[in-house]
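Taking it in order: structure first as structure tokens, then the write-up.
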Amino acid sequence: MNEIFQAIRNNALAIGIFAIVTAAVIAFTQLGTRDKIAHNKAEFQARALYEIVPKTVDPELLSHEIQFRAAPELGYPSGSTGWQAINSGEVVTVLLPVIAPDGYSGNIELLVGVNADSSLAGVRVLSHKETPGLGDKIELSKSDWIMAFEGARMAVNRDENWAVKKDGGKFDQFTGATITPRAVVNATARAIEFFRAHRAQLLQPVTADAASAAGVTQ
């Protein structure tokens with residue numbers, strides 16, 4: 001009987017050690033993977049920034065960060081980070097992170113560039129979970145649909161033309177997929193409206209000598 005108990009105890013001890021070692025390996029793997037994912041996301045974001053605003057306009061764009069204490073209109077109620085493209089001492093374009101919460105498969109993270117005159121410099125998709133072959137056409141690598149935003153203007157807030165054609169607007173939808181482009185168009189409109197509402201602060205270069213006291217900080 002003692003031999004049976006001893007065998008059970010040894011097996012339990014072995015299983016316990018195995019579980020501890022396995023948990024440690026998983027934890028270290030997750031840590032390494034998380035860091036790699038964060039690094040890859042940062043690199044992808046940097047590429048998207050420079051696709052909207054070329055380095056020739058502002059080679060120091062990545063260092064011109066602006067912090068939003070709260071931006072629920074953009075989908076970031078706890079705050080987020082944007083960028084100012086500065087040329088000859090003036091902000092020529094503001095790049096805003098925006099979340100479209102109404103994608104077909106969940107959130108669509110966007111980067112929207114709004115020029116000083118409220119026209120669009122461009123829009124890029126940072127992440128999404130839309131259906132391959134349908135909704136993923138919002139990616140520049142899959143189609144040029146997203147390029148339709150370059151230079152586009154929204155006449156007034158809640159502009160009826162700022163919608164997909166199925167809803168009476170000017171933007172194309174995808175065959176068999178309207179929800180995804182509709183979500184992107186609506187989110188982009190919110191970004192423009194946010195820019196207009198905070199235009200004075202957003203166009204003030206955020207430096208050590210000039211920091212906005214109205215929601216935008218260095």
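We label chains A, B, ... in the order they appear in the structure tokens, count residues from 1 in each chain, and number ligands from 1 in the order shown.
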Which residues in range 17-188 of chain A does DSSP call strand (DSSP E)? List them as a PyMOL selection string.
chain A and resi 65-68+80-87+90-103+106-115+120-127
For range 141-145 of chain A, find every residue with an atom within 9 Å (counting only C-alpha atoms), except residues of its own chain fewer than 5 positions away, and show them as a PDB file with N, CA, C and O atoms, in the first residue's frame.
```
ATOM      1  N   GLY A 133     -11.302  38.503 -48.950  1.00  0.00           N
ATOM      2  CA  GLY A 133     -11.926  38.461 -50.264  1.00  0.00           C
ATOM      3  C   GLY A 133     -13.114  39.385 -50.418  1.00  0.00           C
ATOM      4  O   GLY A 133     -13.592  39.619 -51.531  1.00  0.00           O
ATOM      5  N   ASP A 136     -11.899  42.792 -46.707  1.00  0.00           N
ATOM      6  CA  ASP A 136     -10.479  43.146 -46.611  1.00  0.00           C
ATOM      7  C   ASP A 136     -10.009  44.020 -47.775  1.00  0.00           C
ATOM      8  O   ASP A 136      -8.843  44.416 -47.825  1.00  0.00           O
ATOM      9  N   ASP A 172     -17.914  54.279 -53.314  1.00  0.00           N
ATOM     10  CA  ASP A 172     -18.274  52.926 -53.755  1.00  0.00           C
ATOM     11  C   ASP A 172     -18.319  51.973 -52.570  1.00  0.00           C
ATOM     12  O   ASP A 172     -17.570  52.123 -51.596  1.00  0.00           O
ATOM     13  N   GLN A 173     -19.197  50.991 -52.669  1.00  0.00           N
ATOM     14  CA  GLN A 173     -19.156  49.880 -51.733  1.00  0.00           C
ATOM     15  C   GLN A 173     -18.580  48.672 -52.472  1.00  0.00           C
ATOM     16  O   GLN A 173     -18.289  48.774 -53.654  1.00  0.00           O
TER      17      GLN A 173
END
```
Notebook entry, point to check: range 111-125 of chain A: which residues within 7 Å, counting only C-alpha atoms, same-chain residues fewer than 2 positions away excluded, as a PyMOL selection string?
Noted result: chain A and resi 48+52+92-98+109+127+138-139+146+149-153+188+191-192
Using only C-alpha atoms, find the one residue out of A:Ala177, A:Ala187, A:Glu65, A:Val53 that sits nearest to Arg158 in chain A.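 Closest to Arg158 in chain A, using only C-alpha atoms: A:Ala187.
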Practice task
From range 64-217 of chain A, collect each residue whose DSSP state is alpha helix (DSSP H) and return the set as a ChimeraX atom specification.
Solution key: /A:179-197,199-202
Using only C-alpha atoms: which of A:Pro101, A:Val156, A:Val164, A:Thr178 has the shortest distance to Lys137 in chain A: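 Among the listed residues, the smallest separation from Lys137 in chain A belongs to A:Thr178.
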(request) Can you pull out every residue within 10 Å of Tyr50 in chain A, counting only C-alpha atoms, but drop anything in the same chain fewer than 6 positions away, and send it as number ranges by chain? (result) A: 56-59, 61-62, 85
